[in-house]
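Worksheet: one structure, shown below.
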Amino acid sequence: MSTARLLSTSTVRKNGQDEEKAGFLKSVLYGNNEDALAPETGDATTHSKKLARGKYVHELQTHRVRPDKVEEYIKLLSIHYPRIANDPENAVNLCGSWETVVGDLDTFVHIWEYKGYPGHKSTLTRLAQDPVHDQFLKDLRPLLISRENNIMLEFSFWKTAQPHTTNGIYELRKYNLKPGNLLEWEYHWRKGLECRSQFCEPVGAWFSQLGRLHSVQHMWTYPDLQTRKTTRESAWQVDGWSETVYKTVRLVDSMQSHILRPLDFSPLK
């Protein structure tokens, strides 16, 4: 074989390898783009500008409580959390407070809605200077095993529900996405929500900005677990829902579902 042909073959092989590496890097950064109808993910627009409503910033607090301190914990929060939410000087609303009844037991979830990042900053600054809040934290810490918070933005197509009473249960679903797939996930779920919302009431959907990144959370409410079962079965009969599930599940690294019961002081209950 001639030297020229050997060089030509080597060049083709090298070019192919370079293209393969570039394709792999692109998939890591921007996710799978097999769906020709999916939005372009390589543009310069940030996820927060493209996906979020932009009006509020939400905080998801998760408290794991010592089993022998649950009643004391609920009593303490039932006094202090409404105090924070009802103070007109604080730029924050309490969306809801719930106890986990299926999932991580003795775990409580709270969702706060700040008036943007300026509202988040001003509220935390005021609370840091409040001696009553300082005492609350001192009373709270011995009751907990751990606590965690995540800063989230709500999706533009799914406005967080206003305070109201359903007398039902709430389901919080958590999806940890493979990095780079948020835009594609949102594209398919925006269409899928039209199918699901025919049968049950959506409460809210958020994606993380700080804390556990590449994470999506959404919440639904049902009268009871039996209604949840029949509702989910009915959704599979609607054109488009099975396609939504098929195209989103491959974008997910792991998922969790928790059934929650609202606390008495929760605005959503």
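Here, A, B, ... name the chains of the structure tokens in the order displayed, residue numbers run from 1 inside each chain, and ligands are numbered from 1 in the same displayed order.
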
Shell around region 120-122 of chain A at 8 Å using only C-alpha atoms, local window under 5 positions removed, as a list in words: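 So, after excluding close chain neighbours, the residues are Val57, Asn90, Ala91, Val92, Tyr114 and Lys115 of chain A.
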
Just C-alpha atoms for this one: save the residues we selected as a PDB file, in the first residue's frame.
ATOM      1  CA  VAL A  57     -37.760  32.556  43.885  1.00  0.00           C
ATOM      2  CA  ASN A  90     -40.908  40.201  55.024  1.00  0.00           C
ATOM      3  CA  ALA A  91     -40.888  39.779  51.245  1.00  0.00           C
ATOM      4  CA  VAL A  92     -41.954  36.133  51.432  1.00  0.00           C
ATOM      5  CA  TYR A 114     -39.782  35.066  47.908  1.00  0.00           C
ATOM      6  CA  LYS A 115     -40.279  38.186  45.820  1.00  0.00           C
TER       7      LYS A 115
END

All alpha helix (DSSP H) positions in region 30-247 of chain A, as a PyMOL selection string: chain A and resi 30+47-51+70-86+116-128+131-140+182-196+225-235+241-247

DSSP-assigned strand (DSSP E) members of region 116-224 of chain A, reported as a ChimeraX atom specification: /A:144-154,169-177,201-210,215-222

Test item: residues at most 12 Å from region 225-236 of chain A, only C-alpha atoms, excluding those fewer than 4 positions along its chain, as a list in words: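 Surrounding residues, per the criterion: Val101, Val102, Gly168, Ile169, Tyr170, Glu171, Gly192, Leu193, Glu194, Cys195, Arg196, Ser197, Gln198, Phe199, Cys200, Glu201, Trp220, Thr221, Gly240, Trp241, Ser242, Glu243, Thr244, Val245, Tyr246, His258, Ile259, Leu260 and Arg261 of chain A.
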
Dump of N, CA and C atoms for the selected residues, as a PDB file, in the first residue's frame:
ATOM      1  N   VAL A 101     -45.888  11.156  54.812  1.00  0.00           N
ATOM      2  CA  VAL A 101     -46.567   9.977  55.339  1.00  0.00           C
ATOM      3  C   VAL A 101     -46.236   8.717  54.534  1.00  0.00           C
ATOM      4  N   VAL A 102     -45.707   8.882  53.324  1.00  0.00           N
ATOM      5  CA  VAL A 102     -45.157   7.778  52.543  1.00  0.00           C
ATOM      6  C   VAL A 102     -43.838   8.265  51.960  1.00  0.00           C
ATOM      7  N   GLY A 168     -57.159  17.030  50.968  1.00  0.00           N
ATOM      8  CA  GLY A 168     -56.649  15.820  50.340  1.00  0.00           C
ATOM      9  C   GLY A 168     -55.197  15.564  50.704  1.00  0.00           C
ATOM     10  N   ILE A 169     -54.552  14.744  49.894  1.00  0.00           N
ATOM     11  CA  ILE A 169     -53.136  14.441  50.055  1.00  0.00           C
ATOM     12  C   ILE A 169     -52.355  15.156  48.958  1.00  0.00           C
ATOM     13  N   TYR A 170     -51.059  15.297  49.192  1.00  0.00           N
ATOM     14  CA  TYR A 170     -50.184  15.931  48.216  1.00  0.00           C
ATOM     15  C   TYR A 170     -49.075  14.951  47.848  1.00  0.00           C
ATOM     16  N   GLU A 171     -48.712  14.964  46.581  1.00  0.00           N
ATOM     17  CA  GLU A 171     -47.597  14.140  46.131  1.00  0.00           C
ATOM     18  C   GLU A 171     -46.498  15.042  45.610  1.00  0.00           C
ATOM     19  N   GLY A 192     -46.988  17.351  28.180  1.00  0.00           N
ATOM     20  CA  GLY A 192     -47.591  16.312  29.000  1.00  0.00           C
ATOM     21  C   GLY A 192     -48.515  16.842  30.067  1.00  0.00           C
ATOM     22  N   LEU A 193     -48.249  18.049  30.560  1.00  0.00           N
ATOM     23  CA  LEU A 193     -49.102  18.639  31.594  1.00  0.00           C
ATOM     24  C   LEU A 193     -50.537  18.800  31.104  1.00  0.00           C
ATOM     25  N   GLU A 194     -50.703  19.054  29.813  1.00  0.00           N
ATOM     26  CA  GLU A 194     -52.050  19.204  29.254  1.00  0.00           C
ATOM     27  C   GLU A 194     -52.843  17.905  29.415  1.00  0.00           C
ATOM     28  N   CYS A 195     -52.164  16.778  29.342  1.00  0.00           N
ATOM     29  CA  CYS A 195     -52.841  15.487  29.522  1.00  0.00           C
ATOM     30  C   CYS A 195     -53.175  15.244  30.982  1.00  0.00           C
ATOM     31  N   ARG A 196     -52.199  15.430  31.873  1.00  0.00           N
ATOM     32  CA  ARG A 196     -52.386  15.121  33.286  1.00  0.00           C
ATOM     33  C   ARG A 196     -53.375  16.062  33.969  1.00  0.00           C
ATOM     34  N   SER A 197     -53.352  17.339  33.609  1.00  0.00           N
ATOM     35  CA  SER A 197     -54.185  18.320  34.306  1.00  0.00           C
ATOM     36  C   SER A 197     -55.675  18.140  34.018  1.00  0.00           C
ATOM     37  N   GLN A 198     -56.020  17.277  33.063  1.00  0.00           N
ATOM     38  CA  GLN A 198     -57.438  16.969  32.819  1.00  0.00           C
ATOM     39  C   GLN A 198     -58.033  16.163  33.963  1.00  0.00           C
ATOM     40  N   PHE A 199     -57.161  15.497  34.745  1.00  0.00           N
ATOM     41  CA  PHE A 199     -57.649  14.548  35.738  1.00  0.00           C
ATOM     42  C   PHE A 199     -57.308  14.914  37.179  1.00  0.00           C
ATOM     43  N   CYS A 200     -56.312  15.751  37.392  1.00  0.00           N
ATOM     44  CA  CYS A 200     -55.954  16.117  38.767  1.00  0.00           C
ATOM     45  C   CYS A 200     -55.411  17.534  38.782  1.00  0.00           C
ATOM     46  N   GLU A 201     -55.288  18.062  39.977  1.00  0.00           N
ATOM     47  CA  GLU A 201     -54.924  19.466  40.148  1.00  0.00           C
ATOM     48  C   GLU A 201     -53.419  19.618  40.339  1.00  0.00           C
ATOM     49  N   TRP A 220     -48.585  17.518  43.089  1.00  0.00           N
ATOM     50  CA  TRP A 220     -49.980  17.325  42.716  1.00  0.00           C
ATOM     51  C   TRP A 220     -50.792  17.122  43.992  1.00  0.00           C
ATOM     52  N   THR A 221     -52.083  17.336  43.893  1.00  0.00           N
ATOM     53  CA  THR A 221     -52.952  17.027  45.020  1.00  0.00           C
ATOM     54  C   THR A 221     -54.096  16.133  44.557  1.00  0.00           C
ATOM     55  N   GLY A 240     -50.816  11.249  23.795  1.00  0.00           N
ATOM     56  CA  GLY A 240     -49.711  12.137  24.119  1.00  0.00           C
ATOM     57  C   GLY A 240     -49.039  11.845  25.445  1.00  0.00           C
ATOM     58  N   TRP A 241     -49.775  11.218  26.397  1.00  0.00           N
ATOM     59  CA  TRP A 241     -49.164  11.007  27.713  1.00  0.00           C
ATOM     60  C   TRP A 241     -48.080   9.932  27.660  1.00  0.00           C
ATOM     61  N   SER A 242     -48.349   8.822  26.988  1.00  0.00           N
ATOM     62  CA  SER A 242     -47.339   7.763  26.910  1.00  0.00           C
ATOM     63  C   SER A 242     -46.087   8.271  26.205  1.00  0.00           C
ATOM     64  N   GLU A 243     -46.260   9.127  25.208  1.00  0.00           N
ATOM     65  CA  GLU A 243     -45.114   9.700  24.506  1.00  0.00           C
ATOM     66  C   GLU A 243     -44.312  10.604  25.434  1.00  0.00           C
ATOM     67  N   THR A 244     -45.017  11.376  26.280  1.00  0.00           N
ATOM     68  CA  THR A 244     -44.331  12.239  27.242  1.00  0.00           C
ATOM     69  C   THR A 244     -43.476  11.416  28.192  1.00  0.00           C
ATOM     70  N   VAL A 245     -44.047  10.335  28.719  1.00  0.00           N
ATOM     71  CA  VAL A 245     -43.307   9.478  29.641  1.00  0.00           C
ATOM     72  C   VAL A 245     -42.092   8.868  28.946  1.00  0.00           C
ATOM     73  N   TYR A 246     -42.287   8.364  27.745  1.00  0.00           N
ATOM     74  CA  TYR A 246     -41.193   7.732  27.011  1.00  0.00           C
ATOM     75  C   TYR A 246     -40.042   8.701  26.761  1.00  0.00           C
ATOM     76  N   HIS A 258     -43.068  11.169  47.102  1.00  0.00           N
ATOM     77  CA  HIS A 258     -43.412  11.251  48.518  1.00  0.00           C
ATOM     78  C   HIS A 258     -44.863  11.690  48.651  1.00  0.00           C
ATOM     79  N   ILE A 259     -45.601  11.027  49.508  1.00  0.00           N
ATOM     80  CA  ILE A 259     -46.962  11.435  49.813  1.00  0.00           C
ATOM     81  C   ILE A 259     -46.927  12.281  51.086  1.00  0.00           C
ATOM     82  N   LEU A 260     -47.539  13.444  51.019  1.00  0.00           N
ATOM     83  CA  LEU A 260     -47.455  14.418  52.095  1.00  0.00           C
ATOM     84  C   LEU A 260     -48.837  14.747  52.655  1.00  0.00           C
ATOM     85  N   ARG A 261     -48.861  15.080  53.942  1.00  0.00           N
ATOM     86  CA  ARG A 261     -50.081  15.534  54.605  1.00  0.00           C
ATOM     87  C   ARG A 261     -49.842  16.951  55.122  1.00  0.00           C
TER      88      ARG A 261
END

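Nearest-residue note for Glu113 (chain A): choosing from A:Ser254, A:Asn149, A:Gln129, A:Thr160, the minimum distance belongs to A:Thr160, counting only C-alpha atoms.
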
Nearest candidate to Glu72 (chain A) (options A:Arg141, A:Lys55, A:His133, A:Arg173; using only C-alpha atoms): A:Arg141
